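Next comes entry.cif, a file with mmCIF, C-alpha atoms, pLDDT in the B column; chains and numbers go by the auth columns.
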data_data
#
loop_
_atom_site.group_PDB
_atom_site.id
_atom_site.type_symbol
_atom_site.label_atom_id
_atom_site.label_comp_id
_atom_site.label_asym_id
_atom_site.label_seq_id
_atom_site.Cartn_x
_atom_site.Cartn_y
_atom_site.Cartn_z
_atom_site.B_iso_or_equiv
_atom_site.auth_seq_id
_atom_site.auth_asym_id
ATOM 1 C CA MET A 1 149.877 135.303 71.081 93.00 1 A
ATOM 2 C CA MET A 2 148.188 133.250 68.394 95.00 2 A
ATOM 3 C CA VAL A 3 144.846 131.430 68.764 97.00 3 A
ATOM 4 C CA ARG A 4 144.173 128.575 66.362 96.00 4 A
ATOM 5 C CA ARG A 5 141.932 125.541 66.016 96.00 5 A
ATOM 6 C CA ALA A 6 143.369 122.460 67.717 96.00 6 A
ATOM 7 C CA THR A 7 144.109 119.288 65.750 94.00 7 A
ATOM 8 C CA PRO A 8 144.414 115.653 66.867 95.00 8 A
ATOM 9 C CA ASP A 9 148.209 116.149 66.844 95.00 9 A
ATOM 10 C CA ASP A 10 147.764 118.648 69.713 95.00 10 A
ATOM 11 C CA ALA A 11 145.981 116.139 71.960 95.00 11 A
ATOM 12 C CA CYS A 12 148.863 115.046 74.210 95.00 12 A
ATOM 13 C CA THR A 13 150.186 118.590 74.623 96.00 13 A
ATOM 14 C CA LEU A 14 146.686 119.732 75.558 96.00 14 A
ATOM 15 C CA ALA A 15 146.292 116.810 77.972 95.00 15 A
ATOM 16 C CA ARG A 16 149.467 117.865 79.807 95.00 16 A
ATOM 17 C CA LEU A 17 148.189 121.452 79.880 96.00 17 A
ATOM 18 C CA LEU A 18 144.856 120.278 81.306 94.00 18 A
ATOM 19 C CA ALA A 19 146.538 118.172 83.999 93.00 19 A
ATOM 20 C CA ALA A 20 148.822 121.033 85.086 94.00 20 A
ATOM 21 C CA SER A 21 145.943 123.515 85.082 94.00 21 A
ATOM 22 C CA TRP A 22 143.673 121.153 87.001 91.00 22 A
ATOM 23 C CA GLN A 23 146.318 120.560 89.661 91.00 23 A
ATOM 24 C CA ALA A 24 146.762 124.302 90.199 92.00 24 A
ATOM 25 C CA ALA A 25 143.135 125.410 89.880 93.00 25 A
ATOM 26 C CA TYR A 26 141.268 122.677 91.751 94.00 26 A
ATOM 27 C CA ARG A 27 143.615 121.521 94.513 91.00 27 A
ATOM 28 C CA GLY A 28 141.766 122.294 97.734 93.00 28 A
ATOM 29 C CA ILE A 29 138.396 122.339 95.926 95.00 29 A
ATOM 30 C CA VAL A 30 138.332 118.803 94.514 95.00 30 A
ATOM 31 C CA PRO A 31 139.295 116.010 96.953 95.00 31 A
ATOM 32 C CA ASP A 32 143.013 115.157 96.961 91.00 32 A
ATOM 33 C CA ALA A 33 142.354 111.495 96.185 91.00 33 A
ATOM 34 C CA TYR A 34 140.664 112.497 92.941 92.00 34 A
ATOM 35 C CA MET A 35 143.329 115.078 92.109 90.00 35 A
ATOM 36 C CA ASP A 36 146.086 112.520 92.678 88.00 36 A
ATOM 37 C CA GLY A 37 144.451 110.340 90.012 87.00 37 A
ATOM 38 C CA VAL A 38 144.467 113.034 87.314 85.00 38 A
ATOM 39 C CA ASP A 39 146.139 111.288 84.386 83.00 39 A
ATOM 40 C CA ASP A 40 147.146 113.168 81.259 86.00 40 A
ATOM 41 C CA THR A 41 147.671 109.849 79.429 87.00 41 A
ATOM 42 C CA ARG A 42 143.935 109.036 79.547 84.00 42 A
ATOM 43 C CA TRP A 43 143.068 112.629 78.668 89.00 43 A
ATOM 44 C CA CYS A 44 145.416 112.451 75.686 93.00 44 A
ATOM 45 C CA GLN A 45 143.431 109.626 74.110 91.00 45 A
ATOM 46 C CA ARG A 46 140.065 111.215 74.904 91.00 46 A
ATOM 47 C CA LEU A 47 141.159 114.534 73.398 92.00 47 A
ATOM 48 C CA LYS A 48 142.601 112.795 70.342 92.00 48 A
ATOM 49 C CA ASP A 49 139.280 111.002 69.804 92.00 49 A
ATOM 50 C CA SER A 50 137.261 114.181 70.330 90.00 50 A
ATOM 51 C CA LEU A 51 139.432 116.231 67.976 93.00 51 A
ATOM 52 C CA SER A 52 139.375 113.479 65.347 92.00 52 A
ATOM 53 C CA GLU A 53 135.587 113.216 65.491 91.00 53 A
ATOM 54 C CA GLY A 54 135.143 116.986 65.530 83.00 54 A
ATOM 55 C CA SER A 55 132.622 116.584 68.341 74.00 55 A
ATOM 56 C CA GLU A 56 133.588 119.907 69.882 78.00 56 A
ATOM 57 C CA GLU A 57 135.327 123.106 68.845 92.00 57 A
ATOM 58 C CA MET A 58 138.694 123.437 70.595 96.00 58 A
ATOM 59 C CA HIS A 59 141.202 126.224 70.069 97.00 59 A
ATOM 60 C CA THR A 60 144.670 126.712 71.516 97.00 60 A
ATOM 61 C CA ALA A 61 146.605 129.787 72.604 97.00 61 A
ATOM 62 C CA GLU A 62 150.271 129.771 71.649 96.00 62 A
ATOM 63 C CA ILE A 63 153.132 132.021 72.592 96.00 63 A
ATOM 64 C CA ALA A 64 156.413 131.536 70.707 93.00 64 A
ATOM 65 C CA SER A 65 155.126 128.149 69.417 90.00 65 A
ATOM 66 C CA ALA A 66 154.400 126.930 72.970 95.00 66 A
ATOM 67 C CA THR A 67 150.809 125.922 73.751 97.00 67 A
ATOM 68 C CA VAL A 68 149.809 127.808 76.893 97.00 68 A
ATOM 69 C CA GLY A 69 145.995 127.679 76.875 97.00 69 A
ATOM 70 C CA LEU A 70 142.882 126.144 75.395 97.00 70 A
ATOM 71 C CA VAL A 71 139.197 126.859 75.043 98.00 71 A
ATOM 72 C CA THR A 72 136.406 124.491 74.056 96.00 72 A
ATOM 73 C CA PHE A 73 132.956 125.692 73.012 96.00 73 A
ATOM 74 C CA GLY A 74 129.864 124.759 71.067 94.00 74 A
ATOM 75 C CA PRO A 75 126.102 124.477 71.332 94.00 75 A
ATOM 76 C CA CYS A 76 124.764 124.516 74.879 95.00 76 A
ATOM 77 C CA ARG A 77 124.027 121.032 76.202 93.00 77 A
ATOM 78 C CA ASP A 78 121.578 122.167 78.905 96.00 78 A
ATOM 79 C CA PRO A 79 117.959 121.143 78.248 95.00 79 A
ATOM 80 C CA ASP A 80 116.470 124.175 80.027 95.00 80 A
ATOM 81 C CA VAL A 81 117.774 126.814 77.590 94.00 81 A
ATOM 82 C CA ASN A 82 116.901 127.721 74.026 94.00 82 A
ATOM 83 C CA GLN A 83 119.260 125.412 72.119 89.00 83 A
ATOM 84 C CA GLU A 84 119.064 127.550 68.968 93.00 84 A
ATOM 85 C CA THR A 85 120.258 130.761 70.599 95.00 85 A
ATOM 86 C CA THR A 86 122.492 129.564 73.464 96.00 86 A
ATOM 87 C CA GLY A 87 126.113 128.532 73.082 96.00 87 A
ATOM 88 C CA GLU A 88 128.398 127.170 75.766 97.00 88 A
ATOM 89 C CA ILE A 89 132.022 127.606 76.743 97.00 89 A
ATOM 90 C CA ARG A 90 132.857 124.140 78.002 96.00 90 A
ATOM 91 C CA ARG A 91 136.369 124.743 79.273 95.00 91 A
ATOM 92 C CA ILE A 92 139.090 127.350 79.428 96.00 92 A
ATOM 93 C CA TYR A 93 142.459 126.347 80.832 96.00 93 A
ATOM 94 C CA VAL A 94 145.742 128.215 80.888 97.00 94 A
ATOM 95 C CA LEU A 95 149.069 126.936 82.197 96.00 95 A
ATOM 96 C CA PRO A 96 149.552 128.346 85.723 95.00 96 A
ATOM 97 C CA ASP A 97 152.791 130.126 84.758 94.00 97 A
ATOM 98 C CA TYR A 98 150.730 132.154 82.270 96.00 98 A
ATOM 99 C CA TRP A 99 147.850 133.130 84.556 94.00 99 A
ATOM 100 C CA ARG A 100 147.000 136.832 84.817 92.00 100 A
ATOM 101 C CA ARG A 101 148.503 137.703 81.427 94.00 101 A
ATOM 102 C CA GLY A 102 145.240 138.144 79.525 95.00 102 A
ATOM 103 C CA ILE A 103 145.342 134.720 77.862 97.00 103 A
ATOM 104 C CA GLY A 104 142.164 133.441 79.506 96.00 104 A
ATOM 105 C CA ARG A 105 140.384 136.697 78.659 96.00 105 A
ATOM 106 C CA THR A 106 141.500 136.423 75.027 97.00 106 A
ATOM 107 C CA LEU A 107 140.350 132.787 74.819 97.00 107 A
ATOM 108 C CA CYS A 108 136.988 133.624 76.388 96.00 108 A
ATOM 109 C CA ARG A 109 136.367 136.521 74.002 96.00 109 A
ATOM 110 C CA HIS A 110 137.535 134.378 71.063 96.00 110 A
ATOM 111 C CA ALA A 111 134.987 131.679 71.960 97.00 111 A
ATOM 112 C CA GLU A 112 132.221 134.229 72.494 96.00 112 A
ATOM 113 C CA GLU A 113 132.896 135.778 69.086 95.00 113 A
ATOM 114 C CA ALA A 114 132.863 132.371 67.391 95.00 114 A
ATOM 115 C CA LEU A 115 129.578 131.563 69.124 96.00 115 A
ATOM 116 C CA ARG A 116 128.119 134.933 68.089 95.00 116 A
ATOM 117 C CA GLN A 117 129.166 134.323 64.488 94.00 117 A
ATOM 118 C CA GLY A 118 127.498 130.917 64.757 93.00 118 A
ATOM 119 C CA GLY A 119 124.199 132.642 65.476 94.00 119 A
ATOM 120 C CA TYR A 120 124.142 132.329 69.263 96.00 120 A
ATOM 121 C CA ARG A 121 122.899 135.298 71.303 95.00 121 A
ATOM 122 C CA THR A 122 123.697 133.960 74.752 96.00 122 A
ATOM 123 C CA CYS A 123 126.755 132.207 76.169 97.00 123 A
ATOM 124 C CA VAL A 124 126.676 130.007 79.262 98.00 124 A
ATOM 125 C CA LEU A 125 129.387 128.184 81.171 97.00 125 A
ATOM 126 C CA TRP A 126 129.614 126.101 84.312 97.00 126 A
ATOM 127 C CA VAL A 127 132.062 126.666 87.156 97.00 127 A
ATOM 128 C CA LEU A 128 132.522 124.833 90.443 96.00 128 A
ATOM 129 C CA ALA A 129 130.871 126.852 93.213 96.00 129 A
ATOM 130 C CA GLY A 130 134.059 126.615 95.284 95.00 130 A
ATOM 131 C CA ASN A 131 136.239 127.942 92.468 95.00 131 A
ATOM 132 C CA VAL A 132 136.262 131.544 93.674 95.00 132 A
ATOM 133 C CA ARG A 133 139.122 132.552 91.342 93.00 133 A
ATOM 134 C CA GLY A 134 137.297 131.150 88.313 94.00 134 A
ATOM 135 C CA ARG A 135 134.016 132.791 89.255 95.00 135 A
ATOM 136 C CA ARG A 136 135.700 136.184 89.717 95.00 136 A
ATOM 137 C CA PHE A 137 137.390 135.803 86.332 95.00 137 A
ATOM 138 C CA TYR A 138 134.124 135.099 84.497 96.00 138 A
ATOM 139 C CA GLU A 139 132.190 137.747 86.417 96.00 139 A
ATOM 140 C CA ALA A 140 134.838 140.335 85.481 95.00 140 A
ATOM 141 C CA LEU A 141 134.128 139.431 81.845 95.00 141 A
ATOM 142 C CA GLY A 142 130.410 140.097 82.249 95.00 142 A
ATOM 143 C CA HIS A 143 129.086 136.635 83.097 96.00 143 A
ATOM 144 C CA ALA A 144 126.570 136.379 85.932 97.00 144 A
ATOM 145 C CA THR A 145 124.889 133.484 87.684 96.00 145 A
ATOM 146 C CA ASP A 146 121.490 132.646 86.280 95.00 146 A
ATOM 147 C CA GLY A 147 120.346 130.530 89.225 95.00 147 A
ATOM 148 C CA ALA A 148 121.018 127.112 87.684 96.00 148 A
ATOM 149 C CA THR A 149 123.100 124.632 89.678 96.00 149 A
ATOM 150 C CA LYS A 150 124.030 121.003 89.294 96.00 150 A
ATOM 151 C CA ALA A 151 126.018 118.425 91.179 96.00 151 A
ATOM 152 C CA VAL A 152 129.156 117.057 89.551 95.00 152 A
ATOM 153 C CA GLU A 153 130.965 113.963 90.734 95.00 153 A
ATOM 154 C CA LEU A 154 134.709 114.583 91.160 94.00 154 A
ATOM 155 C CA GLY A 155 135.589 112.191 93.954 92.00 155 A
ATOM 156 C CA ALA A 156 132.734 113.820 95.897 94.00 156 A
ATOM 157 C CA SER A 157 129.520 115.500 94.918 96.00 157 A
ATOM 158 C CA LEU A 158 130.416 119.150 94.238 96.00 158 A
ATOM 159 C CA GLN A 159 128.099 121.993 93.291 97.00 159 A
ATOM 160 C CA SER A 160 128.553 123.741 89.981 97.00 160 A
ATOM 161 C CA VAL A 161 126.848 127.008 89.070 98.00 161 A
ATOM 162 C CA ARG A 162 125.910 128.254 85.629 98.00 162 A
ATOM 163 C CA LEU A 163 127.004 131.687 84.502 97.00 163 A
ATOM 164 C CA CYS A 164 125.442 133.468 81.554 97.00 164 A
ATOM 165 C CA ARG A 165 126.252 136.424 79.322 96.00 165 A
ATOM 166 C CA GLU A 166 124.311 138.007 76.480 95.00 166 A
ATOM 167 C CA LEU A 167 126.548 138.215 73.416 93.00 167 A
ATOM 168 C CA PRO A 168 126.833 141.591 71.726 78.00 168 A
ATOM 169 C CA ASP A 169 125.961 141.826 68.043 68.00 169 A
ATOM 170 C CA GLU A 170 128.402 143.084 65.394 64.00 170 A
ATOM 171 C CA ARG A 171 127.730 146.656 66.588 54.00 171 A
ATOM 172 C CA GLY A 172 128.652 145.707 70.152 53.00 172 A
ATOM 173 C CA GLU A 173 125.064 145.856 71.392 47.00 173 A
ATOM 174 C CA CYS A 174 123.279 143.118 73.302 48.00 174 A
ATOM 175 C CA GLN A 175 119.963 142.045 71.827 51.00 175 A
#
Please express what this file holds, its structure, as structure tokens.
Amino acid sequence: MMVRRATPDDACTLARLLAASWQAAYRGIVPDAYMDGVDDTRWCQRLKDSLSEGSEEMHTAEIASATVGLVTFGPCRDPDVNQETTGEIRRIYVLPDYWRRGIGRTLCRHAEEALRQGGYRTCVLWVLAGNVRGRRFYEALGHATDGATKAVELGASLQSVRLCRELPDERGECQ
């Protein structure tokens, strides 16, 4: 597997990956009416714009030249954390046929290392409270809830919880 920085040319492939991942991961958590409206065409343009502007760091996972996963990360956007020392994983998605093969773990660790090299000591991420599979995945990687919650509007008001992990330094020790 190869992990590389995404380019605007990847946008439509990544949009299809996002749509497929969303359908598999959130069906039964997010209302069906919202899920039925998931449109990779709109996501394609948004991703193309974002990648062109460089407004967020996005990397892809590829196996045999096929894009099977993505991770997006950068400075934490939450106002209640130390912005200078806290980075954020904004999304990790892997095609459902590739779940449980270590791709998500590799993408998460890749993002954490990039954040650490960028000077961040802590990594946060948000996950829907009802996404038990996602929460277990992140908790297995050392992330734990820090008590923060927020409502997100996805066809209904859904609770999201923040998970946090201290990033180890170059010696593998947390500060």
For range 92-139 of chain A against range 154-165 of chain A, with a cut-off of 9 Å and counting only C-alpha atoms, what is the closest atom pair and its distance in Å to one decimal for every residue that makes the cut, ordered by chain and number, as JSON lines?
{"residue": "A:Arg121", "atom": "CA", "partner": "A:Arg165", "partner_atom": "CA", "distance": 8.8}
{"residue": "A:Thr122", "atom": "CA", "partner": "A:Arg165", "partner_atom": "CA", "distance": 5.8}
{"residue": "A:Cys123", "atom": "CA", "partner": "A:Arg165", "partner_atom": "CA", "distance": 5.3}
{"residue": "A:Val124", "atom": "CA", "partner": "A:Cys164", "partner_atom": "CA", "distance": 4.3}
{"residue": "A:Leu125", "atom": "CA", "partner": "A:Leu163", "partner_atom": "CA", "distance": 5.4}
{"residue": "A:Trp126", "atom": "CA", "partner": "A:Arg162", "partner_atom": "CA", "distance": 4.5}
{"residue": "A:Val127", "atom": "CA", "partner": "A:Ser160", "partner_atom": "CA", "distance": 5.4}
{"residue": "A:Leu128", "atom": "CA", "partner": "A:Ser160", "partner_atom": "CA", "distance": 4.1}
{"residue": "A:Ala129", "atom": "CA", "partner": "A:Ser160", "partner_atom": "CA", "distance": 5.0}
{"residue": "A:Gly130", "atom": "CA", "partner": "A:Gln159", "partner_atom": "CA", "distance": 7.8}
{"residue": "A:Arg135", "atom": "CA", "partner": "A:Leu163", "partner_atom": "CA", "distance": 8.5}
{"residue": "A:Tyr138", "atom": "CA", "partner": "A:Leu163", "partner_atom": "CA", "distance": 7.9}
{"residue": "A:Glu139", "atom": "CA", "partner": "A:Leu163", "partner_atom": "CA", "distance": 8.2}
Handout entry: Spatial neighbours of range 80-94 of chain A, max dist 10 Å, all atoms listed in the file, sep filter under 4 positions, as number ranges by chain
Key = A: 14, 17-22, 25, 56-61, 67-76, 98-101, 103-105, 107-108, 111-112, 114-116, 118-127, 134, 148, 163-167
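Between CA of Gly37 in chain A and CA of Cys12 in chain A lies a distance of 17.1 Å.
Nearest to Glu62 in chain A of all the residues A:Asp10, A:Glu153, A:Glu113, A:Asp146 is A:Asp10, based on all atoms listed in the file.
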If you count all atoms listed in the file, which residues fall within 7 Å of range 47-53 of chain A, apart from same-chain ones fewer than 6 positions away, as a PDB file with C-alpha atoms, in the coordinates of the input?
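And here's out02.pdb as it stands now:
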ATOM      1  CA  THR A   7     144.109 119.288  65.750  1.00 94.00           C
ATOM      2  CA  PRO A   8     144.414 115.653  66.867  1.00 95.00           C
ATOM      3  CA  ALA A  11     145.981 116.139  71.960  1.00 95.00           C
TER       4      ALA A  11
END
Starting from the sparse input, extend range 71-93 of chain A to N, CA and C atoms and give the output as a compact mmCIF listing (two decimals), in the frame of the given file.
# COMPACT_ATOMS: atom_id res chain seq x y z
N VAL A 71 140.61 126.59 74.82
CA VAL A 71 139.20 126.86 75.04
C VAL A 71 138.39 125.89 74.19
N THR A 72 137.32 125.39 74.76
CA THR A 72 136.41 124.49 74.06
C THR A 72 135.00 125.09 74.14
N PHE A 73 134.28 125.08 73.03
CA PHE A 73 132.96 125.69 73.01
C PHE A 73 132.09 125.03 71.96
N GLY A 74 130.81 125.30 72.04
CA GLY A 74 129.86 124.76 71.07
C GLY A 74 128.44 125.02 71.51
N PRO A 75 127.50 124.31 70.93
CA PRO A 75 126.10 124.48 71.33
C PRO A 75 125.93 124.13 72.81
N CYS A 76 125.03 124.81 73.47
CA CYS A 76 124.76 124.52 74.88
C CYS A 76 124.11 123.14 75.00
N ARG A 77 124.55 122.39 75.98
CA ARG A 77 124.03 121.03 76.20
C ARG A 77 122.90 121.00 77.24
N ASP A 78 122.58 122.13 77.84
CA ASP A 78 121.58 122.17 78.90
C ASP A 78 120.17 122.15 78.32
N PRO A 79 119.30 121.26 78.82
CA PRO A 79 117.96 121.14 78.25
C PRO A 79 117.02 122.29 78.61
N ASP A 80 117.39 123.13 79.58
CA ASP A 80 116.47 124.18 80.03
C ASP A 80 116.71 125.53 79.36
N VAL A 81 117.53 125.56 78.31
CA VAL A 81 117.77 126.81 77.59
C VAL A 81 117.34 126.65 76.14
N ASN A 82 117.22 127.76 75.44
CA ASN A 82 116.90 127.72 74.03
C ASN A 82 118.15 127.25 73.28
N GLN A 83 118.11 126.03 72.78
CA GLN A 83 119.26 125.41 72.12
C GLN A 83 119.68 126.16 70.85
N GLU A 84 118.75 126.85 70.22
CA GLU A 84 119.06 127.55 68.97
C GLU A 84 119.81 128.85 69.20
N THR A 85 119.65 129.44 70.37
CA THR A 85 120.26 130.76 70.60
C THR A 85 121.31 130.76 71.70
N THR A 86 121.56 129.61 72.33
CA THR A 86 122.49 129.56 73.46
C THR A 86 123.68 128.67 73.15
N GLY A 87 124.86 129.27 73.22
CA GLY A 87 126.11 128.53 73.08
C GLY A 87 126.74 128.33 74.45
N GLU A 88 127.77 127.51 74.48
CA GLU A 88 128.40 127.17 75.77
C GLU A 88 129.92 127.16 75.63
N ILE A 89 130.58 127.80 76.58
CA ILE A 89 132.02 127.61 76.74
C ILE A 89 132.17 126.43 77.69
N ARG A 90 132.78 125.37 77.23
CA ARG A 90 132.86 124.14 78.00
C ARG A 90 134.09 124.07 78.88
N ARG A 91 135.17 124.68 78.42
CA ARG A 91 136.37 124.74 79.27
C ARG A 91 137.32 125.80 78.76
N ILE A 92 137.97 126.46 79.70
CA ILE A 92 139.09 127.35 79.43
C ILE A 92 140.16 126.98 80.44
N TYR A 93 141.34 126.65 79.94
CA TYR A 93 142.46 126.35 80.83
C TYR A 93 143.70 127.02 80.30
